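Participant: Handing you a structure now.
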Amino acid sequence: MRTWFGRGKKLQRAVTSCCLCAFVLYGYDQGVFGGILENEDWLRQFKRPGDTLTGLITASYNLGCLLGCFVNFFIGETLGRRRTIWFAMAWIIIGASLQASAYTIPHLIIGRIVTGLGTGLKTSTVPMYQSELCEGTKRGRLVSAEVMFVGIGIAFAYWWDFAFSFVGGAFAWRWPIAFQIVPALWVIFVVFGVPESPRWLLNHGNREEAIEVLSAVYDKPIDHPDIIREANAIELALTMEAEAEGSTSFMAVFRQDKVKTGQRVFLAWFVQFMNQVGGINLVVYYILTVLQTNVGLEHRLAQIIAGCIQLMFPIGSLLPSLALDRMGRRATMMWGSAGLSVSMLLVAALLSKSKGEDGKVYAAASIAFFFTYMFIFGATMNCVPWVYVPEILPLHARTRGTAIGVSSNWLWNFTVVMITPIIINRLQWKAYLIFMATNLAFVPIIYFYFPETSNLALEEVDWIFSEGGNPVEVAQRMQDELALHGKLDLEGRASGGITEKEDSGVEHVADA
């Protein structure tokens, strides 16, 4: 077992720092380009591209991310979590170098696609790796913290762009793009010193090393009852999943087997669809353009306000980073979607009055609801989908299912980024009504189809789908049992009944 960082809390912090830095880089990648689209030297270098070409240049990164998810679908389970993260960072370094050295649009697009390939590999692996190396009672907070750092990366990128806009010349945009290499090098260094996921090891028959990893992460002897219990719970889940015919084939992720793998993969895909189709990248990529085109601000003031709006992203993300396991997944997504819908409705309503009498007052008032939109998104639909994807999937399909789920993020990310410059220019205020409607539609969908997974061990989520009945109702009964007894009796469920007094369940304690 490989580890440079000792045992227990030190090792847990090393794993978390690796994952957090990877997601800071993800946020930086997302935010850095938006801040240079109005840079005068960049516009001259690439001959002032129109709205369609600007959308294509920007969205080519998302196509690369989608490609990275497809690559991970085929190679991720073979490479394992650590080597996939290392492989992703290598592609990001190459892509950043190509972008920073670009003098033509094809050169720039190729660099963005290569960077995106690495980001797709990274984003479909890192949340899964963190989820598999932490307790169920801490998983929501830890993965939410990763996504909070996406917001930090986005905000940092905007202010970094703003700072270098005073420098002028090519350095003002080439250096911020090249800076992506710095956090990528840190992730490469740390990932060499942290262990492989124990769940991946058990899935590949390496029980001895898996127990060593669990022992090191929780700082307990290898024969400690908690370590043996968790290893047995993972193997029990693998045994149940193995009963599904063909569970190791590529097509197994689409089958409605005993643990409803196909349904769970679709939920993972759809939750990332909701993450993107609510309109977030209208704000992340194009808020500077929006503030100038729709609101009518001059360039320097628009830069400052855009940077402040981006700060609402990590500020909002503080809430789930501290309390998501108490807030619940379903309730957080429902109130978040409702709040995002109201914010978009008010932006549209106010901008619709911007051409009439007192138009500047209405346009200025709309800025407040870009702030509320980013805060609510950071607190809800930003974090929960990234937590939900790896935890809703069964272990035998987690790598490929996560790749499919995250591919939805990048497919719809590409779509929104591609069409946004066009709809902003041509539909004006009506463009925001599209995202008002999508967010409103998500509320009943979440209520009826997405089961609660908070505080459950990853292996316990299988029982939501294998017991029969409506998964939403089964999950609620499990949450009630967990609240009453502090644990679930997995062996009792496996034998066809639940015995409340036995100690064979996975205990939900935070003593690691």
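Identifiers in this document derive from the order of the structure tokens: chains are assigned A, B, ..., residues are numbered from 1 separately in each chain, and ligands are numbered from 1 in order of occurrence.
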Show me, as JSON, numbers by chain, the residues that have an atom within 9 Å of Val417 (chain A) when counting only C-alpha atoms, minus same-chain residues fewer than 4 positions from it.

Facilitator: {"A": [55, 56, 58, 59, 62, 281, 282, 285, 286, 412, 413, 421]}

Participant: So, counting only C-alpha atoms, which residue among A:Ser144, A:Thr420, A:Asn294, A:Asn439 is closest to Cys383 (chain A)?

Facilitator: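 Under the stated criterion, the closest residue is A:Ser144.
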
Participant: Between CA of Phe162 (chain A) and CA of Tyr362 (chain A), what is the spacing in Å?

Facilitator: 26.5 Å

Participant: List as an NGL selection string the protein and nucleic acid residues near Ala403 (chain A), meaning an atom at most 9 Å away when only C-alpha atoms are counted, but skip any in the same chain fewer than 2 places from it.

Facilitator: :A and (68-73 or 76 or 120-121 or 123-125 or 398-401 or 405-408)

Participant: Between A:Asp29, A:Glu132, A:Glu235, A:Asp51, which residue has the minimum interatomic distance to Ile424 (chain A), considering only C-alpha atoms?

Facilitator: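 Smallest distance to Ile424 (chain A) is found for A:Asp51.
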
Participant: Applying 9 Å and only C-alpha atoms, which residues near Leu324 (chain A) remain after dropping the ones on its own chain fewer than 5 positions away? List them as a list in words.

Facilitator: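 So the residues in contact are Gly140, Arg141, Ser144, Leu319, Arg329, Thr332, Cys383, Val384 and Ser454 of chain A.
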
Participant: Excluding region 208-222 of chain A and its own-chain neighbours fewer than 5 positions away, which residues fall within 6 Å of it when counting only C-alpha atoms? Please give them as an NGL selection string.

Facilitator: :A and (7-8 or 198 or 201 or 512)

Participant: Using the selection just defined, write its residues with all heavy atoms as a compact mmCIF listing (two decimals), in the first residue's frame.

Facilitator:
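Written out: again.txt:
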# COMPACT_ATOMS: atom_id res chain seq x y z
N ARG A 7 -1.04 7.98 8.75
CA ARG A 7 -2.30 7.28 8.95
C ARG A 7 -3.35 8.24 9.53
O ARG A 7 -3.04 9.35 9.96
CB ARG A 7 -2.10 6.12 9.94
CG ARG A 7 -1.13 5.06 9.48
CD ARG A 7 -0.80 4.07 10.59
NE ARG A 7 -2.00 3.39 11.08
CZ ARG A 7 -2.52 2.30 10.53
NH1 ARG A 7 -1.96 1.78 9.45
NH2 ARG A 7 -3.60 1.73 11.05
N GLY A 8 -4.58 7.77 9.53
CA GLY A 8 -5.66 8.50 10.20
C GLY A 8 -5.90 9.88 9.61
O GLY A 8 -6.02 10.04 8.40
N PRO A 198 -10.17 1.48 -1.43
CA PRO A 198 -10.35 0.10 -0.96
C PRO A 198 -11.49 -0.62 -1.69
O PRO A 198 -11.45 -1.85 -1.86
CB PRO A 198 -10.66 0.27 0.53
CG PRO A 198 -11.17 1.67 0.67
CD PRO A 198 -10.44 2.47 -0.37
N LEU A 201 -10.08 -1.87 -4.90
CA LEU A 201 -9.20 -3.01 -4.61
C LEU A 201 -10.01 -4.28 -4.35
O LEU A 201 -9.68 -5.36 -4.88
CB LEU A 201 -8.31 -2.69 -3.40
CG LEU A 201 -7.24 -1.61 -3.63
CD1 LEU A 201 -6.64 -1.18 -2.30
CD2 LEU A 201 -6.16 -2.10 -4.58
N ALA A 512 -13.81 8.02 13.29
CA ALA A 512 -12.59 7.74 12.56
C ALA A 512 -11.67 8.94 12.54
O ALA A 512 -12.02 10.00 12.15
CB ALA A 512 -12.93 7.34 11.13

Participant: Enumerate, as a PyMOL selection string, the complete set of residues in region 204-418 of chain A that a backbone-based DSSP assignment places in alpha helix (DSSP H).

Facilitator: chain A and resi 207-218+225-242+261-277+280-293+299-327+329-351+359-379+384-392+398-418

Participant: Which residue gives the smallest distance to Ala233 (chain A) among A:Met274, A:Ala170, A:Val461, A:Leu351, with only C-alpha atoms counted?

Facilitator: A:Val461

Participant: Between A:Ile446, A:Met312, A:Leu63, A:Val290, which residue has the minimum interatomic distance to Ser337 (chain A), considering only C-alpha atoms?

Facilitator: A:Ile446

Participant: How many Å separate CA of Phe192 (chain A) from CA of Ala268 (chain A)?

Facilitator: 29.2 Å

Participant: With only C-alpha atoms as the basis for distance, which of A:Ala178, A:Gly64, A:Glu196, A:Ser165 is at the shortest distance from Leu79 (chain A)?

Facilitator: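 Among A:Ala178, A:Gly64, A:Glu196, A:Ser165, it is A:Glu196 that comes nearest to Leu79 (chain A).
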
Participant: Which one is closest to Arg83 (chain A): A:His224, A:His107, A:Lys122, A:Lys10? Count only C-alpha atoms.

Facilitator: A:Lys122

Participant: What's around Thr438 (chain A) at 9 Å? Count only C-alpha atoms, leave out sequence neighbours fewer than 5 positions away in its own chain, and write the answer as a list in words.

Facilitator: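 Surrounding residues, per the criterion: Met274, Val277, Gly278, Gly279, Ser337, Ser341 and Leu433 of chain A.
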
Participant: Can you write just those residues out, C-alpha atoms, as a short mmCIF file (atom, residue, chain, number, x, y, z; two decimals), in the first residue's frame?

Facilitator:
data_model
loop_
_atom_site.label_atom_id
_atom_site.label_comp_id
_atom_site.auth_asym_id
_atom_site.auth_seq_id
_atom_site.Cartn_x
_atom_site.Cartn_y
_atom_site.Cartn_z
CA MET A 274 -30.35 19.39 -13.91
CA VAL A 277 -29.81 23.07 -17.78
CA GLY A 278 -30.73 25.44 -14.95
CA GLY A 279 -28.54 28.06 -16.69
CA SER A 337 -34.41 24.64 -8.02
CA SER A 341 -36.43 29.64 -11.00
CA LEU A 433 -37.45 32.61 -19.12
#

Participant: Excluding Val191 (chain A) and any residue of its chain fewer than 2 positions from it, enumerate the residues within 12 Å of it, using only C-alpha atoms, and give them as a PyMOL selection string.

Facilitator: chain A and resi 2-5+11+14-22+81-89+126+129+184-189+193-197

Participant: Quick one: pull the distance between CA of Lys260 (chain A) and CA of Pro394 (chain A), Å, one decimal.

Facilitator: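 So the two atoms, CA of Lys260 (chain A) and CA of Pro394 (chain A), lie 8.9 Å apart.
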
Participant: Find the residues of region 341-439 of chain A that sit at most 10 Å from region 151-155 of chain A; for each, write down the nearest two atoms and how far apart they are in Å, to one decimal. Count only C-alpha atoms. Sort by chain, then by number going up, and give it as a tab-separated table.

Facilitator:
residue	atom	partner	partner_atom	distance
A:Met374	CA	A:Gly151	CA	9.7
A:Gly378	CA	A:Gly151	CA	7.4
A:Asn382	CA	A:Gly151	CA	9.0
